[in-house]
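Participant: If it helps, the file is called work-v9.cif and holds mmCIF, C-alpha atoms and all ligand atoms:
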```
data_my_file
#
loop_
_atom_site.label_atom_id
_atom_site.label_comp_id
_atom_site.auth_asym_id
_atom_site.auth_seq_id
_atom_site.Cartn_x
_atom_site.Cartn_y
_atom_site.Cartn_z
CA MET A 18 -27.85 5.81 54.25
CA LEU A 19 -27.46 5.21 50.52
CA LYS A 20 -26.62 8.14 48.28
CA LEU A 21 -28.25 8.88 44.93
CA GLY A 22 -26.03 8.06 41.93
CA LEU A 23 -23.23 6.57 44.03
CA ILE A 24 -21.99 3.12 42.97
CA PRO A 25 -20.58 1.51 46.14
CA ASN A 26 -17.31 -0.47 45.91
CA GLU A 27 -17.93 -2.33 49.17
CA GLU A 28 -21.05 -3.76 50.78
CA PRO A 29 -23.06 -0.87 52.26
CA ASP A 30 -25.33 -0.90 55.33
CA ILE A 31 -28.90 0.14 54.77
CA ARG A 32 -31.69 1.45 56.98
CA VAL A 33 -35.15 -0.14 56.78
CA GLY A 34 -38.27 1.42 58.31
CA ILE A 35 -40.15 -1.35 60.18
CA VAL A 36 -42.78 0.54 62.18
CA LEU A 37 -43.66 3.89 60.59
CA PRO A 38 -45.40 6.94 62.05
CA GLU A 39 -48.35 6.27 59.68
CA ASP A 40 -48.92 2.93 61.45
CA ARG A 41 -49.90 5.06 64.48
CA LYS A 42 -48.38 2.72 67.03
CA GLU A 43 -48.07 3.99 70.57
CA ILE A 44 -46.73 0.76 71.96
CA ILE A 45 -44.49 -1.98 70.65
CA THR A 46 -43.12 -5.16 72.18
CA LEU A 47 -39.92 -7.01 71.32
CA LYS A 48 -38.11 -10.09 72.57
CA THR A 49 -34.44 -11.04 72.46
CA PRO A 50 -33.66 -14.53 71.05
CA LYS A 51 -32.88 -17.62 73.13
CA THR A 52 -29.14 -17.68 72.55
CA ILE A 53 -27.89 -14.13 72.03
CA ASN A 54 -27.56 -11.27 74.49
CA TYR A 55 -28.36 -7.73 73.45
CA SER A 56 -27.65 -4.25 74.81
CA ILE A 57 -29.94 -1.25 74.93
CA ILE A 58 -27.97 1.93 74.38
CA THR A 59 -29.37 5.33 75.39
CA SER A 60 -27.64 8.70 75.51
CA GLU A 61 -27.00 8.19 79.25
CA LYS A 62 -26.48 4.52 79.79
CA THR A 63 -26.06 1.03 78.36
CA TYR A 64 -28.34 -1.74 79.67
CA ASN A 65 -27.22 -5.34 79.19
CA LEU A 66 -30.05 -7.68 78.28
CA LEU A 67 -30.04 -11.42 78.66
CA HIS A 68 -31.56 -13.77 76.11
CA ASN A 69 -35.34 -14.25 76.14
CA THR A 70 -35.89 -10.74 77.48
CA GLU A 71 -39.16 -8.88 76.84
CA ILE A 72 -38.88 -5.23 75.90
CA LYS A 73 -41.89 -2.93 75.87
CA VAL A 74 -41.66 0.55 74.37
CA LYS A 75 -44.45 3.07 74.88
CA ILE A 76 -44.95 6.66 73.74
CA LYS A 77 -45.07 9.23 76.53
CA ASN A 78 -45.27 12.94 75.64
CA ASP A 79 -42.35 13.58 73.29
CA LYS A 80 -40.33 10.65 74.66
CA ILE A 81 -40.50 6.87 74.94
CA ILE A 82 -40.69 4.71 78.04
CA THR A 83 -38.83 1.42 77.82
CA THR A 84 -39.73 -1.44 80.17
CA ILE A 85 -37.46 -4.47 80.42
CA ASP A 86 -39.05 -7.73 81.59
CA ASN A 87 -41.91 -5.85 83.31
CA ASN A 88 -39.36 -4.62 85.77
CA LEU A 89 -36.73 -2.01 84.91
CA GLN A 90 -38.17 1.16 83.36
CA PHE A 91 -36.60 4.31 81.91
CA GLU A 92 -37.64 7.33 79.86
CA THR A 93 -35.52 8.58 76.92
CA LYS A 94 -35.71 10.30 73.52
CA ASN A 95 -34.74 7.09 71.71
CA ILE A 96 -33.02 3.74 72.17
CA ILE A 97 -30.68 1.53 70.14
CA ILE A 98 -30.89 -2.25 70.58
CA LYS A 99 -27.76 -4.08 69.50
CA PRO A 100 -26.72 -7.76 69.55
CA ASP A 101 -23.54 -8.49 71.52
CA LYS A 102 -22.10 -10.71 68.79
CA ALA A 103 -22.61 -11.54 65.11
CA ILE A 104 -25.79 -13.47 64.43
CA LYS A 105 -25.76 -16.63 62.31
CA LYS A 106 -28.05 -16.22 59.27
CA GLU A 107 -30.88 -18.66 59.68
CA ASN A 108 -34.66 -18.84 59.85
CA LYS A 109 -36.09 -16.66 62.65
CA ALA A 110 -32.63 -15.43 63.72
CA GLY A 111 -32.41 -12.20 65.69
CA LEU A 112 -34.67 -9.94 67.70
CA GLN A 113 -38.44 -10.53 67.55
CA ILE A 114 -40.65 -7.50 66.86
CA ASN A 115 -44.35 -8.11 67.46
CA GLU A 116 -47.36 -6.92 65.44
CA VAL A 117 -45.65 -5.37 62.43
CA VAL A 118 -47.79 -4.28 59.48
CA ALA A 119 -47.56 -6.31 56.24
CA GLY A 120 -49.48 -5.02 53.20
CA ARG A 121 -49.72 -1.44 54.51
CA GLY A 122 -52.79 0.22 52.91
CA PHE A 123 -53.54 -2.76 50.63
CA HIS A 124 -56.43 -5.19 50.78
CA TRP A 125 -54.20 -7.93 52.15
CA LYS A 126 -53.03 -5.90 55.19
CA LYS A 127 -52.08 -8.06 58.20
CA PHE A 128 -50.09 -7.84 61.43
CA ILE A 129 -47.28 -10.31 61.85
CA ASN A 130 -44.43 -10.95 64.28
CA ILE A 131 -41.06 -10.75 62.60
CA ASN A 132 -37.43 -11.45 63.51
CA VAL A 133 -34.62 -9.17 62.41
CA THR A 134 -30.83 -9.22 62.55
CA GLY A 135 -28.69 -6.07 62.76
CA VAL A 136 -29.34 -3.02 64.92
CA ILE A 137 -32.75 -1.61 65.90
CA GLU A 138 -33.44 2.05 66.62
CA ILE A 139 -36.68 3.10 68.29
CA SER A 140 -37.76 6.73 68.64
CA ASN A 141 -40.78 8.97 69.08
CA TYR A 142 -41.84 10.67 65.86
CA ASN A 143 -44.72 13.10 66.48
CA ASN A 144 -46.15 10.83 69.17
CA ASN A 145 -45.92 7.71 67.06
CA ILE A 146 -43.36 4.96 67.30
CA LEU A 147 -40.69 4.79 64.62
CA VAL A 148 -38.61 1.60 64.37
CA ILE A 149 -35.61 1.43 62.02
CA ASN A 150 -33.49 -1.67 61.33
CA GLU A 151 -29.92 -1.08 60.16
CA LEU A 152 -28.09 -4.01 58.57
CA PRO A 153 -25.67 -4.95 55.74
CA ILE A 154 -27.44 -4.89 52.36
CA GLU A 155 -26.72 -8.55 51.49
CA GLU A 156 -28.33 -9.65 54.75
CA TYR A 157 -31.33 -7.49 53.87
CA LEU A 158 -31.52 -8.92 50.33
CA MET A 159 -31.59 -12.56 51.40
CA CYS A 160 -34.58 -11.65 53.57
CA VAL A 161 -36.30 -9.73 50.76
CA ALA A 162 -35.99 -12.71 48.40
CA THR A 163 -38.01 -14.99 50.69
CA SER A 164 -40.40 -12.30 51.87
CA GLU A 165 -41.29 -11.58 48.26
CA MET A 166 -41.51 -15.23 47.24
CA GLY A 167 -42.10 -18.59 48.91
CA SER A 168 -39.29 -20.97 49.77
CA ALA A 169 -40.22 -23.68 47.23
CA CYS A 170 -38.96 -21.44 44.41
CA PRO A 171 -36.22 -22.64 42.06
CA PRO A 172 -32.74 -21.06 42.62
CA GLU A 173 -32.88 -19.13 39.30
CA LEU A 174 -35.97 -17.32 40.54
CA ILE A 175 -34.43 -16.42 43.89
CA GLU A 176 -31.16 -15.31 42.26
CA SER A 177 -32.86 -13.19 39.59
CA GLN A 178 -35.16 -11.66 42.23
CA THR A 179 -32.14 -10.87 44.42
CA ILE A 180 -30.25 -9.20 41.53
CA THR A 181 -33.36 -7.17 40.70
CA ALA A 182 -33.94 -6.12 44.30
CA ARG A 183 -30.23 -5.24 44.78
CA SER A 184 -30.17 -3.13 41.60
CA TRP A 185 -33.38 -1.29 42.46
CA MET A 186 -32.12 -0.71 45.98
CA LEU A 187 -28.68 0.62 44.97
CA ALA A 188 -30.04 2.71 42.09
CA ASN A 189 -32.00 4.33 44.91
CA ILE A 190 -33.96 6.56 42.57
CA GLU A 191 -37.12 6.96 44.63
CA MET A 192 -35.77 7.88 48.09
CA LYS A 193 -39.35 7.89 49.36
CA HIS A 194 -38.44 7.98 53.05
CA VAL A 195 -35.41 10.24 53.16
CA ASP A 196 -37.13 12.69 55.54
CA LEU A 197 -37.59 9.91 58.12
CA GLU A 198 -33.91 8.97 57.72
CA PHE A 199 -34.21 5.48 56.33
CA ASP A 200 -33.62 4.07 52.83
CA VAL A 201 -36.63 1.81 52.37
CA CYS A 202 -39.71 0.75 54.29
CA ASN A 203 -40.52 -2.89 55.00
CA ASP A 204 -43.49 -3.15 52.67
CA ASP A 205 -44.80 -3.14 49.11
CA CYS A 206 -44.35 0.64 48.88
CA CYS A 207 -40.62 -0.20 48.61
CA GLN A 208 -39.75 -3.92 48.88
CA ARG A 209 -41.37 -6.42 51.15
CA TYR A 210 -39.01 -7.25 54.05
CA GLN A 211 -40.00 -9.48 56.95
CA GLY A 212 -36.53 -10.00 58.38
CA THR A 213 -35.45 -13.60 58.88
CA THR A 214 -39.04 -14.76 59.56
CA PHE A 215 -39.26 -16.80 56.36
CA LEU A 216 -35.53 -16.99 55.61
CA THR A 217 -34.47 -20.21 53.91
CA ASP A 218 -31.16 -21.82 52.99
CA GLN A 219 -32.01 -21.17 49.32
CA SER A 220 -32.40 -17.43 49.77
CA ILE A 221 -29.15 -17.23 51.77
CA LYS A 222 -27.49 -19.10 48.89
CA GLY A 223 -29.23 -16.81 46.38
CA ALA A 224 -27.66 -13.76 47.99
CA TYR A 225 -24.17 -15.31 48.30
CA ASN A 226 -24.24 -16.67 44.71
CA THR A 227 -25.01 -13.21 43.32
CA PHE A 228 -23.09 -11.20 45.97
CA GLY A 229 -22.57 -7.62 44.75
CA GLN A 230 -24.06 -8.27 41.27
CA VAL A 231 -26.23 -5.54 39.76
CA LEU A 232 -27.73 -4.71 36.37
CA MET A 233 -26.07 -1.77 34.67
CA SER A 234 -27.03 0.41 31.73
CA ASP A 235 -25.25 3.54 30.53
CA ASN A 236 -22.73 3.27 33.42
CA LYS A 237 -25.54 3.52 35.94
CA ILE A 238 -27.19 0.89 38.12
CA CYS A 239 -30.58 0.02 36.62
CA ASP A 240 -33.74 1.21 38.30
CA ALA A 241 -34.94 -2.39 38.23
CA ARG A 242 -38.68 -2.24 38.88
CA TYR A 243 -40.76 -5.34 39.51
CA SER A 244 -44.30 -6.45 40.21
CA LYS A 245 -46.23 -9.65 40.87
CA SER A 246 -47.70 -10.34 37.42
CA CYS A 247 -47.56 -8.26 34.25
CA GLY A 248 -50.55 -10.14 32.79
CA GLY A 249 -48.62 -11.23 29.68
CA ILE A 250 -47.09 -7.97 28.44
CA MET A 251 -44.75 -5.76 30.43
CA GLU A 252 -45.71 -2.13 30.86
CA THR A 253 -43.36 0.74 30.00
CA TYR A 254 -41.89 3.02 32.65
CA GLU A 255 -43.40 6.16 31.13
CA ASN A 256 -46.94 4.79 31.31
CA VAL A 257 -46.66 4.30 35.07
CA TRP A 258 -44.24 6.91 36.39
CA GLU A 259 -42.61 9.84 34.60
CA ASP A 260 -42.82 10.70 30.92
CA THR A 261 -39.18 9.97 30.12
CA PRO A 262 -38.84 6.41 28.79
CA ILE A 263 -36.15 4.13 30.23
CA SER A 264 -34.46 1.94 27.62
CA TYR A 265 -34.51 -1.31 29.65
CA LEU A 266 -38.16 -0.98 30.81
CA GLN A 267 -40.07 -1.87 27.65
CA GLY A 268 -43.61 -2.89 26.75
CA ILE A 269 -42.78 -6.33 25.34
CA PRO A 270 -44.53 -9.71 25.67
CA ASP A 271 -43.51 -11.73 28.73
CA ALA A 272 -42.91 -14.71 26.47
CA PRO A 273 -40.26 -16.27 24.20
CA ALA A 274 -39.03 -14.03 21.34
CA ASN A 275 -41.14 -15.88 18.73
CA PHE A 276 -44.40 -15.31 20.67
CA GLN A 277 -47.31 -14.13 18.55
CA HIS A 278 -50.87 -13.12 19.36
CA GLU A 279 -53.66 -11.60 17.29
CA SER A 280 -53.98 -8.80 19.85
CA LEU A 281 -50.43 -7.52 19.32
CA PRO A 282 -49.75 -4.64 19.18
CA MET A 283 -52.62 -3.83 21.53
CA ASN A 284 -53.80 -0.58 19.95
CA THR A 285 -57.60 -0.98 19.85
CA GLU A 286 -60.24 -1.79 22.47
CA GLU A 287 -61.21 -4.91 20.48
CA LYS A 288 -57.65 -6.21 20.74
CA VAL A 289 -57.52 -5.44 24.48
CA GLU A 290 -60.77 -7.30 25.01
CA LYS A 291 -59.56 -10.34 23.06
CA TRP A 292 -56.30 -10.30 25.04
CA ILE A 293 -57.95 -10.11 28.45
CA LEU A 294 -60.61 -12.72 27.65
CA ASP A 295 -57.93 -15.04 26.31
CA THR A 296 -55.30 -16.96 28.29
CA PRO A 297 -52.18 -16.40 26.18
CA GLU A 298 -49.19 -18.66 26.75
CA SER A 299 -46.87 -16.11 28.37
CA PHE A 300 -44.36 -16.97 31.12
CA CYS A 301 -46.74 -15.66 33.82
CA SER A 302 -49.78 -17.36 32.28
CA SER A 303 -51.89 -19.83 34.22
CA LEU A 304 -51.08 -22.20 31.31
CA THR A 305 -47.40 -22.07 32.34
CA ILE A 306 -48.06 -22.36 36.09
CA ALA A 307 -51.52 -23.43 37.28
CA GLU A 308 -53.04 -20.89 39.71
CA GLU A 309 -53.50 -23.60 42.35
CA GLU A 310 -49.74 -24.34 42.18
CA LEU A 311 -48.84 -20.70 42.95
CA PRO A 312 -49.33 -20.67 46.75
CA LYS A 313 -46.33 -22.93 47.29
CA TYR A 314 -44.11 -20.45 45.40
CA LEU A 315 -45.54 -17.13 46.56
CA GLY A 316 -44.74 -15.29 49.79
CA GLY A 317 -46.48 -16.03 53.08
CA VAL A 318 -48.78 -13.00 53.32
CA ASP A 319 -50.34 -12.90 49.87
CA ASP A 320 -54.01 -12.91 49.22
CA GLU A 321 -55.09 -16.08 47.48
CA GLY A 322 -56.27 -14.53 44.29
CA LYS A 323 -56.22 -14.86 40.58
CA TYR A 324 -53.05 -13.21 39.35
CA PHE A 325 -53.14 -13.67 35.58
CA ARG A 326 -56.82 -13.08 34.83
CA TRP A 327 -59.34 -11.85 37.41
CA GLU A 328 -62.88 -10.56 37.76
CA VAL A 329 -64.45 -8.00 40.11
CA ASN A 330 -68.24 -7.46 40.21
CA TYR A 331 -70.15 -4.43 41.46
CA SER A 332 -73.91 -3.93 41.60
CA GLN A 333 -75.17 -0.44 40.61
CA ALA A 334 -75.61 0.39 44.31
CA GLU A 335 -72.12 -0.84 45.19
CA ILE A 336 -70.26 1.03 42.45
CA THR A 337 -72.22 4.24 43.14
CA LYS A 338 -71.32 4.06 46.82
CA LEU A 339 -67.69 3.14 46.10
CA LEU A 340 -67.03 5.89 43.55
CA SER A 341 -68.97 8.51 45.54
CA ASN A 342 -66.71 7.82 48.53
CA GLN A 343 -63.47 7.45 46.63
CA LEU A 344 -63.92 10.39 44.26
CA ASN A 345 -65.75 12.59 46.72
CA ILE A 346 -68.71 13.10 44.35
CA GLN A 347 -72.47 13.07 44.97
CA ALA A 348 -73.40 10.35 42.49
CA LYS A 349 -76.94 8.98 42.31
CA SER A 350 -76.07 6.39 39.70
CA ILE A 351 -73.12 5.43 37.50
CA LEU A 352 -73.97 5.34 33.79
CA ASP A 353 -70.67 4.31 32.29
CA ILE A 354 -66.97 3.67 32.84
CA LEU A 355 -65.04 4.46 29.66
CA PRO A 356 -61.46 3.55 28.77
CA ILE A 357 -59.62 6.59 27.34
CA LYS A 358 -55.92 5.73 27.26
CA ARG A 359 -54.00 2.51 27.77
CA GLY A 360 -50.35 1.50 28.04
CA LYS A 361 -48.63 -1.29 26.08
CA SER A 362 -49.84 -3.99 28.48
CA GLY A 363 -53.47 -2.86 28.29
CA ARG A 364 -53.16 -1.01 31.61
CA LEU A 365 -55.52 1.93 31.70
CA THR A 366 -53.74 5.23 32.23
CA GLU A 367 -56.85 7.33 31.77
CA ILE A 368 -60.50 6.53 32.36
CA GLU A 369 -63.81 8.42 32.41
CA VAL A 370 -66.70 7.91 34.80
CA VAL A 371 -70.10 9.07 33.55
CA TYR A 372 -72.65 9.58 36.33
CA ILE A 373 -75.85 11.32 37.39
CA ASP A 374 -75.48 13.51 40.44
CA ASN A 375 -78.08 14.16 43.15
CA LEU A 376 -79.52 17.09 41.14
CA ASN A 377 -80.08 14.71 38.19
CA ILE A 378 -77.34 16.31 36.12
CA GLN A 379 -75.17 14.08 33.95
CA LEU A 380 -71.46 14.64 34.62
CA THR A 381 -68.16 13.14 33.50
CA LEU A 382 -65.06 12.74 35.62
CA LYS A 383 -61.64 11.87 34.29
CA ILE A 384 -59.12 9.80 36.28
CA SER A 385 -55.49 9.65 35.15
CA ASN A 386 -52.62 7.38 36.22
CA GLN A 387 -52.85 3.62 36.80
CA TYR A 388 -52.18 4.15 40.52
CA TYR A 389 -55.31 6.29 41.03
CA ILE A 390 -57.43 4.05 38.84
CA ARG A 391 -56.44 1.09 41.03
CA LYS A 392 -56.94 3.11 44.21
CA TYR A 393 -60.42 4.36 43.29
CA PHE A 394 -61.92 1.24 41.71
CA ASP A 395 -61.53 -0.91 44.79
CA GLU A 396 -62.11 -0.23 48.46
CA LYS A 397 -58.47 -1.06 49.13
CA PHE A 398 -56.59 -1.38 45.86
CA LEU A 399 -57.47 -3.01 42.54
CA TYR A 400 -55.12 -5.78 41.31
CA SER A 401 -54.13 -3.82 38.20
CA SER A 402 -55.49 -1.21 35.81
CA ALA A 403 -55.44 -3.63 32.85
CA PHE A 404 -59.16 -4.27 32.68
CA ILE A 405 -62.22 -4.04 30.47
CA VAL A 406 -65.66 -3.08 31.73
CA LYS A 407 -68.84 -5.08 31.06
CA LYS A 408 -72.17 -3.54 31.94
CA GLY A 409 -75.12 -5.58 33.21
CA LYS A 410 -78.75 -5.22 32.13
CA ILE A 411 -79.66 -1.61 31.33
CA GLU A 412 -82.97 -0.22 32.63
CA ASN A 413 -83.92 3.43 32.12
CA ASN A 414 -80.41 4.09 30.85
CA ILE A 415 -78.87 2.75 34.09
CA PRO A 416 -76.83 -0.50 34.09
CA ASN A 417 -77.72 -2.74 37.04
CA SER A 418 -74.09 -3.88 37.44
CA PHE A 419 -70.49 -3.43 36.30
CA THR A 420 -67.98 -6.25 35.90
CA LEU A 421 -64.26 -5.51 35.65
CA LEU A 422 -62.37 -8.25 33.81
CA GLY A 423 -58.65 -7.79 34.30
CA ALA A 424 -55.11 -9.03 33.74
CA GLY A 425 -52.07 -9.09 36.02
CA TRP A 426 -51.28 -7.87 39.51
CA GLY A 427 -49.27 -4.71 40.09
CA HIS A 428 -47.87 -2.02 37.77
CA GLY A 429 -46.40 -4.60 35.41
CA VAL A 430 -43.16 -2.70 34.71
CA GLY A 431 -39.86 -4.63 34.50
CA TYR A 432 -39.40 -7.95 36.29
CA CYS A 433 -42.60 -10.01 36.46
CA GLN A 434 -42.26 -12.26 39.53
CA ILE A 435 -44.68 -14.94 38.38
CA GLY A 436 -43.22 -14.77 34.85
CA ALA A 437 -39.71 -15.20 36.26
CA LEU A 438 -41.01 -18.23 38.17
CA GLY A 439 -42.41 -19.60 34.88
CA MET A 440 -39.04 -19.03 33.18
CA ALA A 441 -37.12 -20.68 36.05
CA LEU A 442 -39.45 -23.70 35.96
CA LYS A 443 -38.92 -23.94 32.21
CA GLY A 444 -35.15 -24.11 32.78
CA TYR A 445 -33.98 -20.59 31.87
CA SER A 446 -30.79 -19.41 33.62
CA THR A 447 -30.63 -16.51 36.10
CA GLU A 448 -28.86 -14.38 33.48
CA ASN A 449 -31.46 -15.16 30.79
CA ILE A 450 -34.24 -14.19 33.17
CA VAL A 451 -32.85 -10.78 34.15
CA TYR A 452 -31.89 -9.96 30.54
CA HIS A 453 -35.43 -10.84 29.41
CA TYR A 454 -37.02 -8.39 31.85
CA PHE A 455 -34.36 -5.68 31.49
CA PRO A 456 -33.40 -5.83 27.80
CA GLY A 457 -30.08 -4.21 26.95
CA SER A 458 -28.79 -4.19 30.55
CA VAL A 459 -25.53 -5.88 31.62
CA LEU A 460 -24.81 -7.84 34.82
CA LYS A 461 -21.81 -6.55 36.78
CA LYS A 462 -20.24 -7.37 40.16
CA ILE A 463 -19.57 -4.03 41.86
CA TYR A 464 -18.22 -5.28 45.22
ZN ZN B 1 -41.59 2.58 51.21
ZN ZN B 2 -45.59 -11.46 33.22
#
```
As structure tokens, how would this structure be written, given the file I've shared?
Ligand SMILES: [Zn+2]
Ligand SMILES: [Zn+2]

Facilitator:
Amino acid sequence: MLKLGLIPNEEPDIRVGIVLPEDRKEIITLKTPKTINYSIITSEKTYNLLHNTEIKVKIKNDKIITTIDNNLQFETKNIIIKPDKAIKKENKAGLQINEVVAGRGFHWKKFININVTGVIEISNYNNNILVINELPIEEYLMCVATSEMGSACPPELIESQTITARSWMLANIEMKHVDLEFDVCNDDCCQRYQGTTFLTDQSIKGAYNTFGQVLMSDNKICDARYSKSCGGIMETYENVWEDTPISYLQGIPDAPANFQHESLPMNTEEKVEKWILDTPESFCSSLTIAEEELPKYLGGVDDEGKYFRWEVNYSQAEITKLLSNQLNIQAKSILDILPIKRGKSGRLTEIEVVYIDNLNIQLTLKISNQYYIRKYFDEKFLYSSAFIVKKGKIENNIPNSFTLLGAGWGHGVGYCQIGALGMALKGYSTENIVYHYFPGSVLKKIY
């Protein structure tokens, strides 16, 4: 596993969580590829598998039962599945794992079959299946580049995305899954990884062309955050995570240096409204890349949505039901949703809900943090917290609807994936792209 603060001088292996205890899987099936043999290693024995072999793993008490080709069966604590020789990096190379979650907890959640190279460990974690994939980091990164973005992307986008992902990974600040003994999970909580399922020649090239290159600042590897679309202005680190600002994560326009807009700096509600109702010409703007062009560049499991500017409508009944459930309140009707504090990109960091409860008392509830605002204002997860609220017709003091008009998708801090695509299509170099999103950082090859 990676260690916090350690700058590796050779390519490290990393551990990726593929099936997590929270997925509540009691059974999982896998299949070896057509051309490569694998072995299953247990504490007692090694089983040699031929190609095209089906493996079924099922939870039983505190152990797992492995069945090979509906035939051979054994019960163990855990198993390791290992290829007998090195696997050539290509599309769909490696072991197939069926029904893996993509978009865990988000509104675009799906189950997909994926292929992975490297070694697979399967164990029983509190009566749920845990699957971990261990592989060299560069192999992981080439898969992340295409899982995060579609294969039609220009090389500068794939290279800049790979440098960003590598830096974030090796900075290893979050260590969200250390108690389950893996470095990152396979999903948006960390970085989206779908093995070699969508691997392309360009992403393999992207990893080799930038092999070992990371962004550095202050002799440390940069905590290079990224999201789908900033909405035109990047958000600062302190408005999303902790209070301490990070020098290379700034709230600057995602646009050329001479970019101007009447809403900048965005320090009043009027300016925010103008900004969100407008379509400014930023790199991630639908003026730079038409929304209908995006599907060919974006990853395979994305929702087809509006990324730059979007709209969500709720009737009075719908918003009352939603917020009652999400906030665990007994609301009879919602009177108002008030912006209190915003970050540099217009993202709300504090909001107030004014409502009447079932005893006809008017109450106010405050919600802080863009994460919770996004979590509560949508059944699954709202695109971003950069939104303004428009009320419908008001009768007896009660609006009959609420419309959220918003900008961007994700937290908006650091690298903006759609903006980077816009820059790459406009002819900016890989270096220019990463320096734009992480101002003041320096590219360095560490291994
Ligand atoms: Zn994670
Ligand atoms: Zn952007």

Participant: Using all atoms listed in the file, list the residues that have an atom at most 6 Å from (-70.3, 8.1, 44.3), coordinates as in the file, as a ChimeraX atom specification.

Facilitator: /A:337-342,346-348

Participant: Could you pull the residues within 12 Å of Ile24 of chain A, counting only C-alpha atoms, minus those fewer than 3 positions along the same chain, as a tab-separated table (two decimals) with C-alpha atoms, in the frame of the given file?

Facilitator:
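Result went into around18.tsv, see below:
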```tsv
chain	number	residue	atom	x	y	z
A	19	LEU	CA	-27.46	5.21	50.52
A	20	LYS	CA	-26.62	8.14	48.28
A	21	LEU	CA	-28.25	8.88	44.93
A	27	GLU	CA	-17.93	-2.33	49.17
A	28	GLU	CA	-21.05	-3.76	50.78
A	29	PRO	CA	-23.06	-0.87	52.26
A	183	ARG	CA	-30.23	-5.24	44.78
A	184	SER	CA	-30.17	-3.13	41.60
A	186	MET	CA	-32.12	-0.71	45.98
A	187	LEU	CA	-28.68	0.62	44.97
A	188	ALA	CA	-30.04	2.71	42.09
A	189	ASN	CA	-32.00	4.33	44.91
A	229	GLY	CA	-22.57	-7.62	44.75
A	230	GLN	CA	-24.06	-8.27	41.27
A	231	VAL	CA	-26.23	-5.54	39.76
A	232	LEU	CA	-27.73	-4.71	36.37
A	233	MET	CA	-26.07	-1.77	34.67
A	236	ASN	CA	-22.73	3.27	33.42
A	237	LYS	CA	-25.54	3.52	35.94
A	238	ILE	CA	-27.19	0.89	38.12
A	239	CYS	CA	-30.58	0.02	36.62
A	461	LYS	CA	-21.81	-6.55	36.78
A	462	LYS	CA	-20.24	-7.37	40.16
A	463	ILE	CA	-19.57	-4.03	41.86
A	464	TYR	CA	-18.22	-5.28	45.22
```

Participant: Atom CA of Glu61 of chain A and atom CA of Gln113 of chain A, how far apart in Å?

Facilitator: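 Computed distance, atom CA of Gln113 of chain A to atom CA of Glu61 of chain A, equals 24.9 Å.
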
Participant: Which residues, protein or nucleic acid, reach to within 8 Å of (-53.1, 2.2, 38.7) in the file's coordinates when using only C-alpha atoms, and can you give that as a PyMOL selection string?

Facilitator: chain A and resi 257+364-366+386-392+399+401-402+428

Participant: Between atom CA of Gly22 of chain A and atom CA of Trp185 of chain A, measure the distance and give it in Å to one decimal.

Facilitator: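 About the pair atom CA of Gly22 of chain A and atom CA of Trp185 of chain A: they are 11.9 Å apart.
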
Participant: Have a look at atom CA of Pro282 of chain A and atom CA of Gln178 of chain A and let me know their distance in Å, one decimal.

Facilitator: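 Separation of atom CA of Pro282 of chain A and atom CA of Gln178 of chain A: 28.2 Å.
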
Participant: Neighbours of ligand ZN 1 (chain B) within 6 Å, counting all atoms listed in the file, as a VMD selection string?

Facilitator: chain A and resid 201 to 202 206 to 207

Participant: Taking C-alpha atoms for each residue, export the selection above as a compact mmCIF listing (two decimals), in the coordinates of the input.

Facilitator:
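Result saved to out.txt:
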```
# COMPACT_ATOMS: atom_id res chain seq x y z
CA VAL A 201 -36.63 1.81 52.37
CA CYS A 202 -39.71 0.75 54.29
CA CYS A 206 -44.35 0.64 48.88
CA CYS A 207 -40.62 -0.20 48.61
```

Participant: Would you list the residues that come within 12 Å of ligand ZN 2 (chain B)? Count only C-alpha atoms and all ligand atoms and give the answer as a VMD selection string.

Facilitator: chain A and resid 243 to 252 268 to 273 297 to 303 305 to 306 324 to 326 362 424 to 440 450 453 to 454

Participant: Fewer than 3 positions away in the same chain doesn't count, so skip those; otherwise give me all residues within 8 Å of Ile45 of chain A, counting only C-alpha atoms, as an MDAnalysis selection string.

Facilitator: chainID A and resid 42 73:75 114:116 146

Participant: Given only C-alpha atoms as the basis, pick out the residue of A:Pro312, A:Gly444, A:Pro262, A:Pro153 nearest to Met18 of chain A.

Facilitator: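 Looking only at the distances to Met18 of chain A, the closest residue turns out to be A:Pro153.
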
Participant: Write out as number ranges by chain which residues come within 8 Å of segment 214-224 of chain A when counting all atoms listed in the file, dropping same-chain ones fewer than 2 positions away.

Facilitator: A: 106-110, 131-133, 155-156, 158-160, 162-164, 168, 172, 175-176, 179, 211-212, 226-228, 317

Participant: Considering all atoms listed in the file, state which residue in the set A:Leu266, A:Met192, A:Leu197, A:Ala169 is at the smallest distance from Tyr452 of chain A.

Facilitator: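 Between A:Leu266, A:Met192, A:Leu197, A:Ala169, the residue approaching Tyr452 of chain A most closely is A:Leu266.
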
Participant: I want to know what sits within 12 Å of Asn88 of chain A, based on only C-alpha atoms, with residues of the same chain fewer than 2 positions away left out; could you give that as a PyMOL selection string?

Facilitator: chain A and resi 70-73+83-86+90-91

Participant: For Trp327 of chain A, which of A:Phe199, A:Tyr400, A:Tyr64, A:Phe276 is the closest residue, counting all atoms listed in the file?

Facilitator: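 For Trp327 of chain A, the nearest of the candidates is A:Tyr400.
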